Amino acid sequence: MAKSRPSRGTRRSRSAASPRRSWPRIVLIAVVVIVALAFALSRIPGLRRSLRGSPPPAGRPLSLLLVTLDTTRADHLGIYGYQRARTRHIDQLAREGVRFEWAFSPAPITLPAHASILTGLYPFAHGVRNNGNFYLSDKFETLTTILRRRGYRTAAFVSSFILDRRYGLARGFETYDDRMEGESPQVLALEAERRGDRTALALDAWLAKNAAVQPAPFFAWLHLYDPHEPYHAPPPFGPAFADSPYDGEIAFDDAIVASVMDKLGQLGLKDHTLVAIIGDHGESLGEHGEETHTMFVYDAAIRVPFILWRPGVVPAGRVVIEPVRATDLAPTVLELLEAPPLQTDHGRSLVPLIRGARDDRTPPIYAETLVPQLYNNWAPLRTVRDERWKLIEAPRPELYDVSADPGETRNLYADRTQAAHGLEEELRRLTGGASGAMSVGKMDRETLEKLASLGYIGAGAEPSPSPKPALRPDPKDMIGVFNRLRAANSAVRDRRFSEALPILQEILGKDPRNAFAQLVLGSAHMGMGDYHAAIARYRKYLDLVPTSSYAHQWMAICYLRLGDRQNAVREADAALAIDPRFSDARILKGGVLAGRGDYPGALAELRTAVEADPAKPMLRLDLAKVLTEAGQEGEAQAQYEAALKIQPDYAPALSGMGALYAKQGKFNEAVTVLQRALEVEPRQEDARFNLAKAYEGMGRTSDARTEYERLAQAPGTSPAIRDAARQRLSTLATKSGR
Ligand SMILES: [Zn+2]
C-alpha cells in the first residue's frame with residue numbers, strides 16, 4: 001500500500017488570551033481552524049477460539065461500552081491483516097467476537113461520522129455535514145436517548161474539542177466529559193484534545209463510582225483521538241514506531257482499550273457488557289495524493305474497523321464479509337441489548353448477518369464529504385456502492401470495481417455505463433435528488449434581522465453566484481493545492497509566517513473564492529499582530545461563508561486587541577445572532593462589559609453561558625471572577641464550588657477560590673486551597689502570590705518570604721508579579737529591621 005510520510009498538519013487549536021488582566025479569560029478557538037476544523041456473498045468460517053469471557057448471566061440487562069477510534073484505518077489493525085500492527089488486544093476481542101471485514105463511515109469527518117453512529121442516519125438526513133458550526137438537532141432519537149429512557153446510566157468521554165457538548169451529541173448522556181487538556185489559562189497555546197489514556201482514566205473513575213455500585217445497566221462511550229495527526233504517541237509507542245508514527249498512535253489506543261477491559265474485569269462488569277468498537281473514518285496516508293482525511297471518499301478515508309464483543313451474545317470468531325455501515329451500529333447493538341429499535345432508513349440491525357443469515361441484496365452504502373465545497377468552493381463528493389461497484393459523484397465522475405480493484409485505481413466510469421447509471425439512480429433515490437439537510441447554512445429571518453441591525457446587510461444571501469457543483473473544481477484536481485494550504489496552515493500554527501504568506505497569496509491570486517485560504521491568511525495576520533489586515537481577511541471569508549460564527553468571534557478578538565471595544569461587542573453579537581449557544585462569544589462580550597464596569601450586563605451574558613453549558617467548569621470560573629469584581633462574593637464562592645464539584649483538581653478555580661478566601665481574611669482556608677492549586681499547577685504565579693499574602697495575614701512571615709523569593713527569582717515570572725513580590729520582600733525586610 002502506498003504510504004507517504006505524513007506531515008504534521010492542521011489541527012484546530014485553542015489559545016487563551018486575556019485582553020486585560022482582570023477580565024475573564026477569553027477562549028478563542030484559535031488562529032488556525034482546521035479542516036478539522038472534514039464481494040461476493042460467501043462466508044469465511046469463524047475462527048473458533050476459547051472464550052475468555054463467560055456468557056452473561058440470564059436476567060440481568062447487558063451494559064454497553066462503545067469505543068470510537070478516531071482516524072483509524074481498518075487495514076492498519078493486525079486482525080485486518082496488517083503485518084506491522086501492534087494491536088493484539090483489539091485483535092483478541094475480534095477473535096472472541098464478530099468482526100466486520102468491510103465497514104464504512106458515511107463521512108471522512110469526525111463530527112458527521114459520530115452523529116451518524118449515534119443516530120443511524122446519513123449526514124444528509126441528520127444535517128451535520130462538517131465539524132465546526134454544525135449541530136445535531138434535538139429532534140433526533142439517538143442510541144443514547146433510547147438507552148437512557150430504558151433506565152441506563154449514560155456517560156461519554158471524548159478526546160477532541162470537535163465533539164464538545166455544544167455540537168449536540170451530549171443529549172441523553174447524564175455525564176458528558178469533554179474536558180480537554182491545557183484549559184488552564186496558564187497555558188497559552190493549546191491543542192484542544194485529550195490524550196486517550198487520560199480520557200480512559202476518567203471513564204474508569206466513572207465506572208468505579210457509578211456502574212459498579214448501581215444495579216442499572218450502563219452505556220459508556222469512549223472516544224480516542226490519538227491517531228489523528230500530528231502523530232506523537234507517548235513512549236514506548238512513539239519510539240517503537242519512529243518510522244510509522246501513525247501506527248504508534250493506533251498501538252497506543254490498543255493498550256488503552258486493554259486497560260479499559262481490565263477495569264471492567266476488576267469491577268465485575270465485564271460479564272455484563274457488550275463492547276462495540278468502530279472507527280469514525282480512516283486516514284489516506286498519501287493514497288490518491290491525500291495526506292490525511294476530509295477531502296476524498298476513497299476507502300482509505302472511509303473504511304473503518306468494526307468489532308462487537310460479548311461472549312454468549314455474539315458468536316466468537318465470526319467474520320462478516322458483507323459490506324456494512326457505521327449507521328448499522330446503533331440498530332445492531334439495540335437489538336442485542338433487547339432495547340426498542342431506532343427509527344432509521346439508513347441503518348439496519350446486523351444481528352441476522354452475525355447469526356449467519358445471508359443477504360439477498362446488500363443495501364447501498366453511501367458516503368459524502370462537503371469539506372471541498374464548504375472550505376474551498378470546490379465540488380462536494382458523494383459516493384454510493386453495492387457489492388461490486390463504487391460510484392463517486394464528482395465533476396469528473398468515477399466508477400471502481402472494488403471487488404477487483406480495492407485500491408480504486410482504474411476509473412471505469414466511461415466503460416461501464418450501465419453499472420454507473422444504476423448507481424447514479426441509486427444515489428438519486430437515496431438522497432431524493434437533493435443535497436440534503438444542513439444544520440447550519442441557511443439563516444432564519446430573525447438571525448438575518450439581527451445581523452442587519454449590526455450592519456451585516458444581505459448576510460443570508462448566497463455568497464455571490466456560486467457555480468453548480470458540477471462546474472466547480474474537482475477535488476481530485478485540487479488536492480495538490482489543498483496539501484499546500486494544509487502546509488501553510490501548519491506553518492501559521494507554528495508561527496512560521498514568512499513560509500505561509502507566499503503560498504496563501506499565490507493560491508488566492510488564482511482562486512480568490514478559496515475560503516480556507518482567506519481564513520488561514522486571516523489567522524496569519526492575527527498571529528503577526530496585524531489586526532486590521534486580519535479583520536479585512538475575515539470579512540472576505542464571511543463573504544464566502546456568511547454562517548461562520550467563528551469568523552465574527554475572531555474579528556471580535558482582533559478588535560479587542562486594537563482597543564476597539566464597541567466593534568468587539570458588535571462582532572460578538574453577530575456571532576451570537578448566528579449561534580446563540582456560542583459561549584466563547586458570550587464570555588468575550590461579558591468580559592468587555594465587565595471591563596467597562598457594566599456588571600449587570602456582563603453577569604447576564606456570563607449567566608446565560610453557564611446556563612447553556614452548566615457542566616463546563618471554565619464558564620463558571622469566568623462568572624465567578626466577574627462576580628468577585630462586582631462584589632458579589634457569596635455567589636462567586638458558590639460558582640467556584642460548583643466548578644470544583646465538576647472538576648476537583650481544576651487549578652484556576654482553586655486559585656480563584658483561594659484569592660477570594662484571602663480577600664475575606666479567611667487565611668487558613670486560603671492557604672489550604674492555594675497549596676492545592678499549586679500542587680496541581682505549580683506555575684500559577686498569582687496563586688503563589690496570594691498564598692504568600694495569606695501567610696503574611698497569618699503572621700507566617702518566613703513562609704511568606706520563601707514564596708515571594710521564589711516569585712522574585714524564577715526566570716519565567718511576569719514583570720508585574722515579580723515587581724510586586726520584590727516590593728513585598730522589601731516591606732517585610734523593613735518591618736523585621738524595625
Ligand atoms: Zn475523526
# chains A, B, ... in the order shown; residues from 1 in each chain; ligands from 1
>>> residues_near_ligand(ligand="ligand 1", cutoff="7 Å", atoms="only C-alpha atoms and all ligand atoms", output="list in words")
Asp70, Thr71, Ile109, Thr110, Asp280 and His281 of chain A
>>> write_last_selection(atoms="N, CA and C atoms", output="compact mmCIF listing (two decimals), in the first residue's frame")
# COMPACT_ATOMS: atom_id res chain seq x y z
N ASP A 70 -10.79 7.27 16.57
CA ASP A 70 -10.73 8.32 15.56
C ASP A 70 -9.63 8.01 14.55
N THR A 71 -9.92 8.31 13.27
CA THR A 71 -8.87 8.31 12.24
C THR A 71 -8.17 6.95 12.12
N ILE A 109 -15.14 12.61 8.26
CA ILE A 109 -15.10 13.81 9.09
C ILE A 109 -15.67 13.44 10.47
N THR A 110 -14.99 13.88 11.52
CA THR A 110 -15.28 13.37 12.87
C THR A 110 -16.72 13.61 13.33
N ASP A 280 -14.18 6.14 13.27
CA ASP A 280 -15.09 7.18 12.73
C ASP A 280 -14.80 7.44 11.26
N HIS A 281 -13.55 7.23 10.85
CA HIS A 281 -13.15 7.33 9.44
C HIS A 281 -11.70 6.88 9.39
>>> select_by_dssp(residues="range 67-116 of chain A", states="alpha helix (DSSP H)", output="list in words")
Arg88, His89, Ile90, Asp91, Gln92, Leu93, Ala94, Arg95, Glu96, Thr110, Leu111, Pro112, Ala113, His114, Ala115 and Ser116 of chain A
>>> closest_residue(among="A:Gly286, A:Pro652, A:Gly120, A:Pro546", to="Ala574 in chain A", atoms="only C-alpha atoms")
A:Pro546
>>> closest_residue(among="A:Glu707, A:Glu449, A:Asp262, A:Glu669", to="Asp686 in chain A", atoms="only C-alpha atoms")
A:Glu707
>>> select_by_dssp(residues="range 179-374 of chain A", states="strand (DSSP E)", output="compact mmCIF listing (two decimals) with C-alpha atoms, in the first residue's frame")
# COMPACT_ATOMS: atom_id res chain seq x y z
CA ALA A 189 -1.04 27.66 23.06
CA LEU A 190 -3.45 24.82 23.45
CA GLU A 191 -4.29 21.80 21.45
CA PHE A 218 -24.81 1.45 31.71
CA PHE A 219 -23.96 2.85 28.33
CA ALA A 220 -20.47 4.35 28.26
CA TRP A 221 -18.89 5.87 25.17
CA LEU A 222 -15.13 6.31 24.98
CA HIS A 223 -13.73 8.35 22.09
CA LEU A 224 -9.98 8.04 21.41
CA THR A 273 -21.03 -5.68 28.96
CA LEU A 274 -21.34 -5.69 25.20
CA VAL A 275 -18.35 -3.96 23.64
CA ALA A 276 -18.65 -2.22 20.26
CA ILE A 277 -15.51 -0.82 18.64
CA ILE A 278 -15.69 1.25 15.48
CA GLY A 279 -13.58 3.80 13.62
CA ARG A 303 -13.20 2.12 5.56
CA VAL A 304 -13.17 1.53 9.31
CA PHE A 306 -15.94 -2.54 13.35
CA ILE A 307 -15.93 -5.20 16.06
CA LEU A 308 -18.55 -6.50 18.50
CA TRP A 309 -17.57 -8.50 21.57
CA ARG A 318 -17.29 -14.66 13.19
CA VAL A 319 -16.15 -12.55 10.27
CA VAL A 320 -18.95 -10.87 8.34
CA VAL A 324 -21.88 -2.79 6.38
CA ARG A 325 -22.24 0.78 7.52
CA ILE A 365 -23.66 2.16 1.07
CA TYR A 366 -23.36 5.93 0.99
CA ALA A 367 -20.67 8.43 1.99
CA GLU A 368 -20.02 12.09 1.34
CA THR A 369 -17.69 14.96 2.01
>>> closest_residue(among="A:Gln83, A:Leu576, A:Tyr375, A:Leu381", to="Leu542 in chain A", atoms="only C-alpha atoms")
A:Tyr375
>>> atom_distance(atom1="CA of Ala255 in chain A", atom2="CA of Phe237 in chain A")
9.6 Å
>>> residues_around(residues="range 399-402 of chain A", least_positions_apart="6", cutoff="10 Å", atoms="only C-alpha atoms", output="ChimeraX atom specification")
/A:39,299,383-393,408-417,419-420,423
>>> closest_residue(among="A:Val257, A:Ala524, A:Met698, A:Ala487", to="Thr292 in chain A", atoms="only C-alpha atoms")
A:Ala487
>>> decode(residues="range 467-609 of chain A", atoms="C-alpha atoms", output="PDB file, in the first residue's frame")
ATOM      1  CA  PRO A 467     -21.233  27.675  -9.728  1.00  0.00           C
ATOM      2  CA  LYS A 468     -23.269  24.477  -9.657  1.00  0.00           C
ATOM      3  CA  PRO A 469     -21.352  21.587  -8.072  1.00  0.00           C
ATOM      4  CA  ALA A 470     -20.628  20.020 -11.447  1.00  0.00           C
ATOM      5  CA  LEU A 471     -18.976  23.243 -12.640  1.00  0.00           C
ATOM      6  CA  ARG A 472     -16.806  23.713  -9.582  1.00  0.00           C
ATOM      7  CA  PRO A 473     -13.239  22.430  -9.482  1.00  0.00           C
ATOM      8  CA  ASP A 474     -12.979  18.687  -8.946  1.00  0.00           C
ATOM      9  CA  PRO A 475     -11.258  17.921  -5.608  1.00  0.00           C
ATOM     10  CA  LYS A 476      -9.034  15.330  -7.282  1.00  0.00           C
ATOM     11  CA  ASP A 477      -7.614  18.103  -9.462  1.00  0.00           C
ATOM     12  CA  MET A 478      -7.122  20.339  -6.445  1.00  0.00           C
ATOM     13  CA  ILE A 479      -5.561  18.001  -3.900  1.00  0.00           C
ATOM     14  CA  GLY A 480      -2.113  19.481  -4.580  1.00  0.00           C
ATOM     15  CA  VAL A 481      -3.459  22.944  -3.786  1.00  0.00           C
ATOM     16  CA  PHE A 482      -5.127  21.577  -0.692  1.00  0.00           C
ATOM     17  CA  ASN A 483      -1.894  19.987   0.514  1.00  0.00           C
ATOM     18  CA  ARG A 484      -0.139  23.304   0.080  1.00  0.00           C
ATOM     19  CA  LEU A 485      -2.913  25.001   2.041  1.00  0.00           C
ATOM     20  CA  ARG A 486      -2.500  22.485   4.821  1.00  0.00           C
ATOM     21  CA  ALA A 487       1.232  23.121   4.834  1.00  0.00           C
ATOM     22  CA  ALA A 488       0.577  26.869   5.034  1.00  0.00           C
ATOM     23  CA  ASN A 489      -1.877  26.291   7.841  1.00  0.00           C
ATOM     24  CA  SER A 490       0.687  24.237   9.779  1.00  0.00           C
ATOM     25  CA  ALA A 491       3.249  26.976   9.213  1.00  0.00           C
ATOM     26  CA  VAL A 492       0.836  29.550  10.647  1.00  0.00           C
ATOM     27  CA  ARG A 493       0.169  27.324  13.619  1.00  0.00           C
ATOM     28  CA  ASP A 494       3.911  27.051  14.239  1.00  0.00           C
ATOM     29  CA  ARG A 495       4.312  30.810  13.702  1.00  0.00           C
ATOM     30  CA  ARG A 496       6.415  30.396  10.564  1.00  0.00           C
ATOM     31  CA  PHE A 497       4.533  33.224   8.884  1.00  0.00           C
ATOM     32  CA  SER A 498       7.086  34.050   6.222  1.00  0.00           C
ATOM     33  CA  GLU A 499       6.722  30.496   4.955  1.00  0.00           C
ATOM     34  CA  ALA A 500       2.916  30.619   4.882  1.00  0.00           C
ATOM     35  CA  LEU A 501       2.256  34.024   3.363  1.00  0.00           C
ATOM     36  CA  PRO A 502       3.630  33.471  -0.169  1.00  0.00           C
ATOM     37  CA  ILE A 503       1.730  30.185  -0.506  1.00  0.00           C
ATOM     38  CA  LEU A 504      -1.532  31.767   0.603  1.00  0.00           C
ATOM     39  CA  GLN A 505      -1.119  34.838  -1.556  1.00  0.00           C
ATOM     40  CA  GLU A 506      -0.328  32.723  -4.584  1.00  0.00           C
ATOM     41  CA  ILE A 507      -3.362  30.485  -4.062  1.00  0.00           C
ATOM     42  CA  LEU A 508      -5.659  33.457  -3.527  1.00  0.00           C
ATOM     43  CA  GLY A 509      -4.226  35.163  -6.580  1.00  0.00           C
ATOM     44  CA  LYS A 510      -5.509  32.294  -8.690  1.00  0.00           C
ATOM     45  CA  ASP A 511      -8.584  31.450  -6.641  1.00  0.00           C
ATOM     46  CA  PRO A 512      -9.930  34.367  -4.587  1.00  0.00           C
ATOM     47  CA  ARG A 513     -13.013  32.307  -3.664  1.00  0.00           C
ATOM     48  CA  ASN A 514     -10.956  29.856  -1.672  1.00  0.00           C
ATOM     49  CA  ALA A 515     -12.480  30.390   1.748  1.00  0.00           C
ATOM     50  CA  PHE A 516      -9.938  28.250   3.560  1.00  0.00           C
ATOM     51  CA  ALA A 517      -7.052  30.288   2.157  1.00  0.00           C
ATOM     52  CA  GLN A 518      -8.764  33.529   3.251  1.00  0.00           C
ATOM     53  CA  LEU A 519      -9.232  32.084   6.705  1.00  0.00           C
ATOM     54  CA  VAL A 520      -5.649  30.901   7.105  1.00  0.00           C
ATOM     55  CA  LEU A 521      -4.362  34.241   5.842  1.00  0.00           C
ATOM     56  CA  GLY A 522      -6.578  35.984   8.402  1.00  0.00           C
ATOM     57  CA  SER A 523      -5.084  33.747  11.099  1.00  0.00           C
ATOM     58  CA  ALA A 524      -1.578  34.564   9.871  1.00  0.00           C
ATOM     59  CA  HIS A 525      -2.223  38.295  10.119  1.00  0.00           C
ATOM     60  CA  MET A 526      -3.745  37.818  13.532  1.00  0.00           C
ATOM     61  CA  GLY A 527      -0.736  35.805  14.653  1.00  0.00           C
ATOM     62  CA  MET A 528       1.573  38.544  13.396  1.00  0.00           C
ATOM     63  CA  GLY A 529      -0.385  41.159  15.313  1.00  0.00           C
ATOM     64  CA  ASP A 530      -1.650  42.882  12.162  1.00  0.00           C
ATOM     65  CA  TYR A 531      -5.236  43.032  13.338  1.00  0.00           C
ATOM     66  CA  HIS A 532      -6.524  45.420  10.676  1.00  0.00           C
ATOM     67  CA  ALA A 533      -5.360  43.082   7.925  1.00  0.00           C
ATOM     68  CA  ALA A 534      -6.777  40.087   9.799  1.00  0.00           C
ATOM     69  CA  ILE A 535     -10.185  41.767  10.091  1.00  0.00           C
ATOM     70  CA  ALA A 536     -10.159  42.505   6.352  1.00  0.00           C
ATOM     71  CA  ARG A 537      -9.453  38.828   5.585  1.00  0.00           C
ATOM     72  CA  TYR A 538     -12.138  37.573   7.937  1.00  0.00           C
ATOM     73  CA  ARG A 539     -14.588  39.876   6.174  1.00  0.00           C
ATOM     74  CA  LYS A 540     -13.658  38.278   2.861  1.00  0.00           C
ATOM     75  CA  TYR A 541     -14.084  34.879   4.449  1.00  0.00           C
ATOM     76  CA  LEU A 542     -17.540  35.903   5.689  1.00  0.00           C
ATOM     77  CA  ASP A 543     -18.468  36.954   2.153  1.00  0.00           C
ATOM     78  CA  LEU A 544     -17.860  33.322   1.195  1.00  0.00           C
ATOM     79  CA  VAL A 545     -19.123  31.653   4.395  1.00  0.00           C
ATOM     80  CA  PRO A 546     -21.664  34.050   5.919  1.00  0.00           C
ATOM     81  CA  THR A 547     -22.749  31.489   8.517  1.00  0.00           C
ATOM     82  CA  SER A 548     -19.393  31.398  10.265  1.00  0.00           C
ATOM     83  CA  SER A 549     -19.925  32.477  13.838  1.00  0.00           C
ATOM     84  CA  TYR A 550     -16.229  31.769  14.397  1.00  0.00           C
ATOM     85  CA  ALA A 551     -15.126  34.423  11.907  1.00  0.00           C
ATOM     86  CA  HIS A 552     -17.166  37.030  13.797  1.00  0.00           C
ATOM     87  CA  GLN A 553     -15.617  35.849  17.048  1.00  0.00           C
ATOM     88  CA  TRP A 554     -12.086  36.141  15.672  1.00  0.00           C
ATOM     89  CA  MET A 555     -12.880  39.628  14.418  1.00  0.00           C
ATOM     90  CA  ALA A 556     -14.147  40.457  17.894  1.00  0.00           C
ATOM     91  CA  ILE A 557     -10.805  39.351  19.326  1.00  0.00           C
ATOM     92  CA  CYS A 558      -8.929  41.430  16.751  1.00  0.00           C
ATOM     93  CA  TYR A 559     -10.985  44.497  17.669  1.00  0.00           C
ATOM     94  CA  LEU A 560     -10.286  43.894  21.341  1.00  0.00           C
ATOM     95  CA  ARG A 561      -6.591  43.806  20.682  1.00  0.00           C
ATOM     96  CA  LEU A 562      -6.960  47.084  18.832  1.00  0.00           C
ATOM     97  CA  GLY A 563      -8.723  48.513  21.875  1.00  0.00           C
ATOM     98  CA  ASP A 564     -11.976  48.938  19.930  1.00  0.00           C
ATOM     99  CA  ARG A 565     -14.449  47.538  22.408  1.00  0.00           C
ATOM    100  CA  GLN A 566     -17.513  48.790  20.607  1.00  0.00           C
ATOM    101  CA  ASN A 567     -16.765  46.832  17.453  1.00  0.00           C
ATOM    102  CA  ALA A 568     -15.637  43.867  19.531  1.00  0.00           C
ATOM    103  CA  VAL A 569     -19.072  43.700  21.146  1.00  0.00           C
ATOM    104  CA  ARG A 570     -20.722  44.175  17.766  1.00  0.00           C
ATOM    105  CA  GLU A 571     -18.862  41.187  16.317  1.00  0.00           C
ATOM    106  CA  ALA A 572     -19.575  39.071  19.400  1.00  0.00           C
ATOM    107  CA  ASP A 573     -23.246  39.967  18.939  1.00  0.00           C
ATOM    108  CA  ALA A 574     -23.060  38.906  15.287  1.00  0.00           C
ATOM    109  CA  ALA A 575     -21.519  35.579  16.335  1.00  0.00           C
ATOM    110  CA  LEU A 576     -24.333  35.133  18.866  1.00  0.00           C
ATOM    111  CA  ALA A 577     -27.002  36.063  16.328  1.00  0.00           C
ATOM    112  CA  ILE A 578     -25.800  33.181  14.170  1.00  0.00           C
ATOM    113  CA  ASP A 579     -25.216  30.834  17.063  1.00  0.00           C
ATOM    114  CA  PRO A 580     -26.811  31.693  20.409  1.00  0.00           C
ATOM    115  CA  ARG A 581     -25.028  28.706  22.006  1.00  0.00           C
ATOM    116  CA  PHE A 582     -21.587  30.053  21.146  1.00  0.00           C
ATOM    117  CA  SER A 583     -20.419  30.546  24.721  1.00  0.00           C
ATOM    118  CA  ASP A 584     -16.967  31.827  23.710  1.00  0.00           C
ATOM    119  CA  ALA A 585     -18.640  34.890  22.171  1.00  0.00           C
ATOM    120  CA  ARG A 586     -20.742  35.380  25.288  1.00  0.00           C
ATOM    121  CA  ILE A 587     -17.653  35.190  27.503  1.00  0.00           C
ATOM    122  CA  LEU A 588     -15.891  37.716  25.317  1.00  0.00           C
ATOM    123  CA  LYS A 589     -18.842  40.097  25.417  1.00  0.00           C
ATOM    124  CA  GLY A 590     -19.216  39.635  29.168  1.00  0.00           C
ATOM    125  CA  GLY A 591     -15.524  40.420  29.568  1.00  0.00           C
ATOM    126  CA  VAL A 592     -15.803  43.653  27.614  1.00  0.00           C
ATOM    127  CA  LEU A 593     -18.861  44.744  29.567  1.00  0.00           C
ATOM    128  CA  ALA A 594     -17.186  43.939  32.882  1.00  0.00           C
ATOM    129  CA  GLY A 595     -14.128  45.909  31.783  1.00  0.00           C
ATOM    130  CA  ARG A 596     -16.402  48.903  31.233  1.00  0.00           C
ATOM    131  CA  GLY A 597     -17.873  48.464  34.696  1.00  0.00           C
ATOM    132  CA  ASP A 598     -21.204  47.255  33.318  1.00  0.00           C
ATOM    133  CA  TYR A 599     -21.503  44.374  35.782  1.00  0.00           C
ATOM    134  CA  PRO A 600     -25.243  43.734  35.352  1.00  0.00           C
ATOM    135  CA  GLY A 601     -24.731  43.390  31.571  1.00  0.00           C
ATOM    136  CA  ALA A 602     -21.615  41.258  31.992  1.00  0.00           C
ATOM    137  CA  LEU A 603     -23.221  38.973  34.550  1.00  0.00           C
ATOM    138  CA  ALA A 604     -26.292  38.495  32.350  1.00  0.00           C
ATOM    139  CA  GLU A 605     -24.095  37.238  29.499  1.00  0.00           C
ATOM    140  CA  LEU A 606     -21.987  35.002  31.715  1.00  0.00           C
ATOM    141  CA  ARG A 607     -25.004  33.534  33.481  1.00  0.00           C
ATOM    142  CA  THR A 608     -26.548  32.713  30.107  1.00  0.00           C
ATOM    143  CA  ALA A 609     -23.323  30.951  29.101  1.00  0.00           C
TER     144      ALA A 609
END
